Amino acid sequence: MKARLLAPVLGLLLGLAACSGGSSGSGTTTLTLWARDSEKTFIGTIVDAFNSSHKGMHVDVTIIPAGNPFVQKLGTATATGSGPDVVSIDLVYVPYFAKAGALKDITSQTDSLSYKSGFDSAHMRLANYNGKMYALPFTAESSVVYYNKTLFQRAGLDPAKPPANWADLQAAAAKVRGLGSDYYGYVWPGANGGASIFEIAPMVWASGGEVLGGTPQQSVPMFNSPAVTDMLTFMHGMAQAGLIPPSAATDTTSNSLTAFQSGKVGMVPAGAFYIPQLEGSKTFDYGVFPIPGKNGGYSSFAGGDEIAIGKNTKNASASWTFVQWATDMAAQQTMAKLGVMPVRLDLAPTIYEPLNPIYATFVQALQQGHTVDSTVENALINDNNGPWATMVHDAIFNGNIKAAQDAAQAKAQAIVAAG
Amino acid sequence: MEAARTRVGVRSRRRVLTWRRRRQLAGLLFVLPALACTTLFFLIPLGLDFWMSLNQWPLLGDHTFVGIQNYAQAIHDSGFLGSVGLTLLYTLVVTPALLFLAFVLALLVQGTDLASRFFRTLYFLPVPVGLATASYLFVWLVQPNVGPIIRGLELVRVLHQPPPVWLATTIPALAVVIGMVVWKVTGLQMILLMSGMQSIPGSLHEAATVDGAGWWRRFVHITLPLLRPTLALVLVFSIAGSLLAFDQFYIITAGGPSNSTLTSVYWIYRTSFVSFHLGYGAALSILMMLALGAVSALQLLLIRQSAELS
């Protein structure tokens with residue numbers, strides 16, 4: 001009789017068995033660091049350097065795909081009370097997360113830093129919310145156009161004189177396209193909002209226009225401004241002329257970089273993060289030039305990452321030790337050797353530029369750089385189904401420029417109003 | 001003697017009662033894990049979901065009670081309604097396509113010979129492939145420069161240079177998604193229909209043949225009516241699955257081009273985990289659940305009604 005009850009009771013117990021949580025008790029403080037995938041070329045080295053020089057502390061790094069997956073993961077983890085101890089976060093997301101309370105206030109710690117005045121001002125501005133500091137600059141990044149010098153030469157262009165305005169850019173693209181039916185002049189991920197703001201919005205800025213104005217907490221979208229119309233018309237012209245590969249229209253990741261590496265595309269805009277990748281598989285000679293304006297001039301997206309402490313950390317002081325170390329001389333020097341632009345402008349001429357002649361172009365571009373400072377940046381711009389990405393795709397690949405701009409402006413204003 | 005018999009009688013009656021109660025207790029304990037799982041993973045989250053739908057609930061930050069405001073907003077949300085329209089269109093195309101193809105294949109592979117068994121397995125092979133894996137597979141099958149489908153069609157001169165980018169225009173992109181789903185799910189429906197057909201007694205078919213009924217008459221008057229429960233099962237799952245379609249759109253079209261292939265679940269996902277408006281997303285989820293329940297109930301009612309009529 002009793003055996004009859006044993007089976008269901010066992011089943012009940014097994015069914016309700018709680019999963020065991022693992023916890024390691026040891027003398028070392030373990031910190032979790034989240035970084036986006038474009039940092040994978042250097043973040044491992046940095047973390048190893050920290051771990052070997054700081055006995056008693058160990059940092060574990062997790063690489064997360066950039067863009068919306070990163071925002072989602074950080075948002076949902078923080079909301080459920082977990083999340084990383086330290087996070088390296090794309091600087092455009094810092095205003096949102098600072099406002100949402102996902103990052104620890106590090107104002108007093110920042111004030112105690114001796115080198116805080118040497119930091120890049122765009123980074124410092126975005127890390128400041130309501131007068132308090134929520135992150136520190138970690139890596140700098142600027143966008144330029146990479147060009148295949150070998151292809152330029154074959155097409156009859158002078159590799160020492162890259163395009164300096166839009167007309168030159170189109171002419172160069174057309175010449176490279178003329179090399180054959182599987183050669184293209186220019187490529188970028190046409191369905192990726194974050195890539196578009198990084199890589200083609202500077203064409204608007206270089207021509208004196210703006211994409212998003214106002215204040216971080218009250219953004220004023222300018223998607224239907226004439227300067228944006230000019231840029232979209234120009235890019236649409238290039239697409240119509242067949243200078244851009246059709247697959248760019250649906251590219252939401254980085255197939256454009258692979259296409260350039262295959263040696264079949266003349267130009268691709270990208271950041272300094274691309275250099276280690278190119279150097280690793282180089283089969284042609286390449287150079288960089290700043291993103292040009294309509295009639296000359298140049299601009300860039302002043303980007304990069306900031307480093308912050310997650311609100312749910314259980315090791316606030318250990319986390320600060322890492323954050324401070326990462327922004328100081330030793331770490332910034334190591335990163336510069338790995339091709340990362342330093343956020344310490346005082347160090348750029350000594351530890352960065354001498355390492356490679358093309359680094360000077362990145363620093364030059366950064367000085368004319370704009371960034372996007374808004375608490376709704378992700379919803380407006382980086383979201384691949386958001387108004388900016390939809391407008392860019394629709395206008396450039398389908399030619400509905402005015403309709404796309406008006407629709408995007410309306411949606412953007414609704415997003416800003418909803419807050 | 002009497003007293004002893006009475007005592008035995010009482011003891012045996014008590015033993016009968018206790019034994020029945022023990023069986024009832026055993027039954028309850030057997031059901032308890034499933035009940036606990038359903039409560040923990042369905043009923044409680046459903047309750048929480050309903051509570052969230054009555055609030056303005058951002059992912060990070062405090063929430064405020066707003067009553068039925070989210071529901072009122074949903075009715076005027078042209079984006080959400082558009083996504084519902086697309087989902088209905090998708091369902092209306094996929095459901096008959098799947099059912100028709102599955103029926104044809106089921107009739108073809110019914111036999112017990114080696115060829116039937118071989119093709120039965122072949123048609124079923126795509127089913128255990130994960131939906132996400134199959135979606136990624138199709139993204140690359142139709143890639144303009146390296147995709148085998150495009151290359152193959154170019155080889156037989158159906159397509160020409162430059163290769164088309166199917167995922168860049170709405171109708172072809174939808175066709176790619178539908179193609180993937182039909183490739184993947186037909187095998188499952190085929191097996192279900194086949195087992196339904198095999199459970200129809202052969203004697204019925206024999207009797208009808210003796211009476212002079214041809215294949216078509218036997219199919220319409222014996223097979224179809226007796227397949228009703230199987231058809232009900234297949235249709236309910238097929239329609240429910242199509243109305244809740246998300247993975248394949250997220251991976252193959254990412255809602256594009258220009259947000260023209262956003263299904264309702266994709267819309268809810270974006271509202272909740274991209275825009276971080278959890279309360280509004282919860283309201284949309286509840287509305288979808290009610291709609292799906294109504295559609296399923298309607299299907300079962302119609303199938304039962306037509307059974308009563310015939």
# chains A, B, ... in the order shown; residues from 1 in each chain; ligands from 1
>>> interface_residues(of="chain B", to="chain A", cutoff="10 Å", atoms="only C-alpha atoms", output="MDAnalysis selection string")
chainID B and resid 19 22:23 25:34 36:37 58:62 143:145 161:169 252:260 262 270 272:276
>>> write_last_selection(atoms="C-alpha atoms", output="PDB file, in the first residue's frame")
ATOM      1  CA  TRP B  19      -8.228   2.167  -0.001  1.00  0.00           C
ATOM      2  CA  ARG B  22      -5.656   6.390  -1.008  1.00  0.00           C
ATOM      3  CA  ARG B  23      -6.276   5.884  -4.695  1.00  0.00           C
ATOM      4  CA  LEU B  25      -4.786  10.751  -3.067  1.00  0.00           C
ATOM      5  CA  ALA B  26      -2.432   8.903  -5.408  1.00  0.00           C
ATOM      6  CA  GLY B  27      -4.248  10.314  -8.417  1.00  0.00           C
ATOM      7  CA  LEU B  28      -4.014  13.811  -7.037  1.00  0.00           C
ATOM      8  CA  LEU B  29      -0.292  13.448  -6.391  1.00  0.00           C
ATOM      9  CA  PHE B  30       0.270  12.189  -9.947  1.00  0.00           C
ATOM     10  CA  VAL B  31      -1.485  15.250 -11.352  1.00  0.00           C
ATOM     11  CA  LEU B  32       0.131  17.717  -8.952  1.00  0.00           C
ATOM     12  CA  PRO B  33       3.453  18.208 -10.797  1.00  0.00           C
ATOM     13  CA  ALA B  34       1.644  19.021 -14.061  1.00  0.00           C
ATOM     14  CA  ALA B  36       2.143  22.976 -10.422  1.00  0.00           C
ATOM     15  CA  CYS B  37       3.945  23.527 -13.726  1.00  0.00           C
ATOM     16  CA  PRO B  58       8.798  50.793 -18.453  1.00  0.00           C
ATOM     17  CA  LEU B  59      11.517  48.120 -18.281  1.00  0.00           C
ATOM     18  CA  LEU B  60      13.698  50.311 -16.086  1.00  0.00           C
ATOM     19  CA  GLY B  61      11.969  52.565 -13.613  1.00  0.00           C
ATOM     20  CA  ASP B  62       8.682  52.774 -11.720  1.00  0.00           C
ATOM     21  CA  GLN B 143      21.490  35.291 -51.024  1.00  0.00           C
ATOM     22  CA  PRO B 144      22.053  36.941 -54.426  1.00  0.00           C
ATOM     23  CA  ASN B 145      25.758  36.186 -54.878  1.00  0.00           C
ATOM     24  CA  GLN B 161      22.354  39.019 -64.055  1.00  0.00           C
ATOM     25  CA  PRO B 162      22.230  41.077 -61.910  1.00  0.00           C
ATOM     26  CA  PRO B 163      20.793  38.541 -59.435  1.00  0.00           C
ATOM     27  CA  PRO B 164      17.599  39.695 -57.711  1.00  0.00           C
ATOM     28  CA  VAL B 165      17.607  40.450 -53.995  1.00  0.00           C
ATOM     29  CA  TRP B 166      14.354  38.752 -53.018  1.00  0.00           C
ATOM     30  CA  LEU B 167      14.535  39.891 -49.421  1.00  0.00           C
ATOM     31  CA  ALA B 168      14.646  43.546 -50.502  1.00  0.00           C
ATOM     32  CA  THR B 169      11.019  43.646 -51.762  1.00  0.00           C
ATOM     33  CA  ILE B 252      14.750  36.128 -42.512  1.00  0.00           C
ATOM     34  CA  THR B 253      13.332  39.604 -43.070  1.00  0.00           C
ATOM     35  CA  ALA B 254      13.960  41.353 -39.710  1.00  0.00           C
ATOM     36  CA  GLY B 255      10.559  42.960 -40.239  1.00  0.00           C
ATOM     37  CA  GLY B 256      11.738  44.527 -43.483  1.00  0.00           C
ATOM     38  CA  PRO B 257      11.867  45.739 -46.088  1.00  0.00           C
ATOM     39  CA  SER B 258      10.813  49.016 -44.511  1.00  0.00           C
ATOM     40  CA  ASN B 259       8.841  47.286 -41.731  1.00  0.00           C
ATOM     41  CA  SER B 260       6.436  45.648 -44.188  1.00  0.00           C
ATOM     42  CA  LEU B 262       6.219  42.815 -39.051  1.00  0.00           C
ATOM     43  CA  ARG B 270       9.454  45.363 -30.337  1.00  0.00           C
ATOM     44  CA  SER B 272       8.290  45.302 -25.032  1.00  0.00           C
ATOM     45  CA  PHE B 273      11.982  44.663 -25.634  1.00  0.00           C
ATOM     46  CA  VAL B 274      13.077  47.383 -28.022  1.00  0.00           C
ATOM     47  CA  SER B 275      10.930  50.320 -26.927  1.00  0.00           C
ATOM     48  CA  PHE B 276      10.775  48.859 -23.378  1.00  0.00           C
TER      49      PHE B 276
END
>>> select_by_dssp(residues="stretch 114-193 of chain A", states="helix (DSSP H, G or I)", output="list in words")
Lys116, Ser117, Gly118, Ser121, Ala122, His123, Met124, Arg125, Leu126, Ala127, Lys149, Thr150, Leu151, Phe152, Gln153, Arg154, Trp166, Ala167, Asp168, Leu169, Gln170, Ala171, Ala172, Ala173, Ala174, Lys175, Val176, Arg177 and Gly193 of chain A
>>> write_last_selection(atoms="N, CA, C and O atoms", output="mmCIF file, in the first residue's frame")
data_model
loop_
_atom_site.group_PDB
_atom_site.id
_atom_site.type_symbol
_atom_site.label_atom_id
_atom_site.label_comp_id
_atom_site.auth_asym_id
_atom_site.auth_seq_id
_atom_site.Cartn_x
_atom_site.Cartn_y
_atom_site.Cartn_z
ATOM 1 N N LYS A 116 41.277 63.951 -15.261
ATOM 2 C CA LYS A 116 39.933 64.018 -15.843
ATOM 3 C C LYS A 116 39.799 65.128 -16.886
ATOM 4 O O LYS A 116 38.939 65.048 -17.755
ATOM 5 N N SER A 117 40.660 66.142 -16.859
ATOM 6 C CA SER A 117 40.499 67.212 -17.843
ATOM 7 C C SER A 117 41.065 66.817 -19.202
ATOM 8 O O SER A 117 40.822 67.496 -20.190
ATOM 9 N N GLY A 118 41.804 65.692 -19.264
ATOM 10 C CA GLY A 118 42.373 65.283 -20.548
ATOM 11 C C GLY A 118 41.423 64.450 -21.384
ATOM 12 O O GLY A 118 41.727 64.057 -22.502
ATOM 13 N N SER A 121 35.802 65.594 -24.841
ATOM 14 C CA SER A 121 34.640 66.301 -24.270
ATOM 15 C C SER A 121 33.305 65.679 -24.663
ATOM 16 O O SER A 121 32.354 65.705 -23.883
ATOM 17 N N ALA A 122 33.208 65.098 -25.884
ATOM 18 C CA ALA A 122 31.926 64.494 -26.295
ATOM 19 C C ALA A 122 31.569 63.350 -25.349
ATOM 20 O O ALA A 122 30.436 63.234 -24.891
ATOM 21 N N HIS A 123 32.562 62.501 -25.033
ATOM 22 C CA HIS A 123 32.333 61.398 -24.100
ATOM 23 C C HIS A 123 31.863 61.915 -22.752
ATOM 24 O O HIS A 123 30.920 61.394 -22.162
ATOM 25 N N MET A 124 32.547 62.947 -22.245
ATOM 26 C CA MET A 124 32.219 63.457 -20.908
ATOM 27 C C MET A 124 30.810 64.041 -20.905
ATOM 28 O O MET A 124 30.050 63.867 -19.957
ATOM 29 N N ARG A 125 30.436 64.695 -22.018
ATOM 30 C CA ARG A 125 29.110 65.309 -22.095
ATOM 31 C C ARG A 125 28.023 64.243 -22.024
ATOM 32 O O ARG A 125 27.044 64.389 -21.309
ATOM 33 N N LEU A 126 28.213 63.150 -22.782
ATOM 34 C CA LEU A 126 27.182 62.113 -22.818
ATOM 35 C C LEU A 126 27.080 61.340 -21.505
ATOM 36 O O LEU A 126 26.042 60.789 -21.192
ATOM 37 N N ALA A 127 28.196 61.324 -20.740
ATOM 38 C CA ALA A 127 28.174 60.575 -19.482
ATOM 39 C C ALA A 127 27.559 61.382 -18.358
ATOM 40 O O ALA A 127 27.341 60.870 -17.263
ATOM 41 N N LYS A 149 43.380 50.859 -52.561
ATOM 42 C CA LYS A 149 44.313 51.595 -53.441
ATOM 43 C C LYS A 149 44.642 50.810 -54.696
ATOM 44 O O LYS A 149 44.812 51.377 -55.773
ATOM 45 N N THR A 150 44.707 49.476 -54.564
ATOM 46 C CA THR A 150 45.010 48.641 -55.733
ATOM 47 C C THR A 150 43.922 48.799 -56.782
ATOM 48 O O THR A 150 44.194 49.006 -57.966
ATOM 49 N N LEU A 151 42.640 48.731 -56.345
ATOM 50 C CA LEU A 151 41.535 48.876 -57.285
ATOM 51 C C LEU A 151 41.514 50.277 -57.898
ATOM 52 O O LEU A 151 41.243 50.445 -59.090
ATOM 53 N N PHE A 152 41.794 51.289 -57.067
ATOM 54 C CA PHE A 152 41.813 52.661 -57.562
ATOM 55 C C PHE A 152 42.829 52.801 -58.686
ATOM 56 O O PHE A 152 42.563 53.410 -59.729
ATOM 57 N N GLN A 153 44.001 52.192 -58.472
ATOM 58 C CA GLN A 153 45.044 52.282 -59.498
ATOM 59 C C GLN A 153 44.599 51.607 -60.784
ATOM 60 O O GLN A 153 44.731 52.160 -61.869
ATOM 61 N N ARG A 154 44.007 50.390 -60.621
ATOM 62 C CA ARG A 154 43.556 49.656 -61.811
ATOM 63 C C ARG A 154 42.477 50.428 -62.559
ATOM 64 O O ARG A 154 42.352 50.327 -63.783
ATOM 65 N N TRP A 166 31.433 65.054 -52.776
ATOM 66 C CA TRP A 166 30.508 64.013 -53.232
ATOM 67 C C TRP A 166 30.684 63.675 -54.709
ATOM 68 O O TRP A 166 30.619 62.519 -55.099
ATOM 69 N N ALA A 167 30.902 64.689 -55.520
ATOM 70 C CA ALA A 167 31.047 64.443 -56.961
ATOM 71 C C ALA A 167 32.249 63.536 -57.209
ATOM 72 O O ALA A 167 32.171 62.576 -57.979
ATOM 73 N N ASP A 168 33.366 63.835 -56.518
ATOM 74 C CA ASP A 168 34.571 63.001 -56.642
ATOM 75 C C ASP A 168 34.277 61.572 -56.197
ATOM 76 O O ASP A 168 34.735 60.601 -56.812
ATOM 77 N N LEU A 169 33.530 61.445 -55.109
ATOM 78 C CA LEU A 169 33.212 60.118 -54.551
ATOM 79 C C LEU A 169 32.442 59.302 -55.579
ATOM 80 O O LEU A 169 32.772 58.144 -55.849
ATOM 81 N N GLN A 170 31.415 59.913 -56.185
ATOM 82 C CA GLN A 170 30.624 59.182 -57.162
ATOM 83 C C GLN A 170 31.470 58.817 -58.370
ATOM 84 O O GLN A 170 31.375 57.708 -58.906
ATOM 85 N N ALA A 171 32.314 59.765 -58.818
ATOM 86 C CA ALA A 171 33.155 59.494 -59.986
ATOM 87 C C ALA A 171 34.077 58.318 -59.710
ATOM 88 O O ALA A 171 34.244 57.420 -60.548
ATOM 89 N N ALA A 172 34.694 58.307 -58.521
ATOM 90 C CA ALA A 172 35.608 57.218 -58.171
ATOM 91 C C ALA A 172 34.848 55.891 -58.122
ATOM 92 O O ALA A 172 35.317 54.876 -58.645
ATOM 93 N N ALA A 173 33.654 55.908 -57.510
ATOM 94 C CA ALA A 173 32.859 54.681 -57.426
ATOM 95 C C ALA A 173 32.515 54.170 -58.807
ATOM 96 O O ALA A 173 32.578 52.962 -59.080
ATOM 97 N N ALA A 174 32.160 55.088 -59.704
ATOM 98 C CA ALA A 174 31.791 54.683 -61.058
ATOM 99 C C ALA A 174 32.970 54.039 -61.775
ATOM 100 O O ALA A 174 32.820 53.038 -62.477
ATOM 101 N N LYS A 175 34.183 54.607 -61.585
ATOM 102 C CA LYS A 175 35.364 54.047 -62.245
ATOM 103 C C LYS A 175 35.649 52.632 -61.761
ATOM 104 O O LYS A 175 35.966 51.746 -62.565
ATOM 105 N N VAL A 176 35.520 52.405 -60.431
ATOM 106 C CA VAL A 176 35.784 51.066 -59.905
ATOM 107 C C VAL A 176 34.735 50.085 -60.415
ATOM 108 O O VAL A 176 35.041 48.945 -60.771
ATOM 109 N N ARG A 177 33.482 50.539 -60.467
ATOM 110 C CA ARG A 177 32.397 49.687 -60.970
ATOM 111 C C ARG A 177 32.680 49.256 -62.395
ATOM 112 O O ARG A 177 32.339 48.150 -62.812
ATOM 113 N N GLY A 193 20.614 50.821 -38.739
ATOM 114 C CA GLY A 193 20.515 52.218 -38.317
ATOM 115 C C GLY A 193 21.782 52.740 -37.677
ATOM 116 O O GLY A 193 22.226 53.855 -37.947
#
>>> select_by_dssp(residues="stretch 163-249 of chain A", states="strand (DSSP E or B)", output="PyMOL selection string")
chain A and resi 184-186+212-215+218-221
>>> write_last_selection(atoms="N, CA and C atoms", output="compact mmCIF listing (two decimals), in the first residue's frame")
# COMPACT_ATOMS: atom_id res chain seq x y z
N TYR A 184 32.15 46.71 -57.29
CA TYR A 184 31.26 47.79 -56.90
C TYR A 184 32.06 48.95 -56.34
N GLY A 185 31.46 50.13 -56.36
CA GLY A 185 32.21 51.32 -55.96
C GLY A 185 32.18 51.60 -54.48
N TYR A 186 31.02 51.33 -53.82
CA TYR A 186 30.83 51.77 -52.44
C TYR A 186 29.85 50.82 -51.77
N LEU A 212 19.84 65.45 -35.74
CA LEU A 212 19.08 65.45 -34.49
C LEU A 212 19.59 66.61 -33.65
N GLY A 213 18.70 67.53 -33.33
CA GLY A 213 19.10 68.68 -32.52
C GLY A 213 18.46 68.63 -31.16
N GLY A 214 18.34 69.78 -30.53
CA GLY A 214 17.69 69.85 -29.24
C GLY A 214 18.62 69.42 -28.11
N THR A 215 18.06 69.08 -26.98
CA THR A 215 18.83 68.65 -25.81
C THR A 215 18.69 67.15 -25.65
N GLN A 218 15.25 66.38 -24.58
CA GLN A 218 14.19 66.90 -25.45
C GLN A 218 14.78 67.03 -26.85
N SER A 219 14.93 65.89 -27.52
CA SER A 219 15.56 65.91 -28.84
C SER A 219 14.62 66.52 -29.87
N VAL A 220 15.21 67.14 -30.88
CA VAL A 220 14.43 67.71 -31.97
C VAL A 220 14.88 67.01 -33.25
N PRO A 221 14.11 66.04 -33.77
CA PRO A 221 14.53 65.36 -34.99
C PRO A 221 14.51 66.31 -36.17
>>> atom_distance(atom1="atom CA of A:Ser88", atom2="atom CA of A:Leu257")
23.1 Å
>>> residues_around(residues="B:Leu88", least_positions_apart="3", cutoff="9 Å", atoms="only C-alpha atoms", output="ChimeraX atom specification")
/B:83-85,91-93,242-243,263
>>> closest_residue(among="A:Ala336, A:Ala414, A:Ala227, A:Val211", to="A:Tyr359", atoms="only C-alpha atoms")
A:Ala336
>>> residues_around(residues="B:Thr186", least_positions_apart="4", cutoff="12 Å", atoms="only C-alpha atoms", output="number ranges by chain")
B: 94-106, 120, 122-128, 178-182, 190-194, 234, 238
>>> residues_around(residues="A:Val47", least_positions_apart="4", cutoff="12 Å", atoms="only C-alpha atoms", output="list of chain:residue names")
A:Leu31, A:Thr32, A:Leu33, A:Trp34, A:Ala35, A:Glu39, A:Lys40, A:Thr41, A:Phe42, A:Ile43, A:Asn51, A:Ser52, A:Ser53, A:His54, A:Met57, A:His58, A:Val59, A:Asp60, A:Val61, A:Thr62, A:Val86, A:Phe322, A:Val323, A:Trp325, A:Ala326, A:Ala331, A:Thr334, A:Met335
>>> atom_distance(atom1="atom CA of B:Leu188", atom2="atom CA of B:Ala134")
15.0 Å
>>> residues_around(residues="B:Leu226", least_positions_apart="4", cutoff="10 Å", atoms="only C-alpha atoms", output="ChimeraX atom specification")
/B:196-197,199-201,219-222,230-231,307
>>> closest_residue(among="A:Ile309, A:Gln364, A:Pro202, A:Ile275", to="A:Val340", atoms="only C-alpha atoms")
A:Ile275
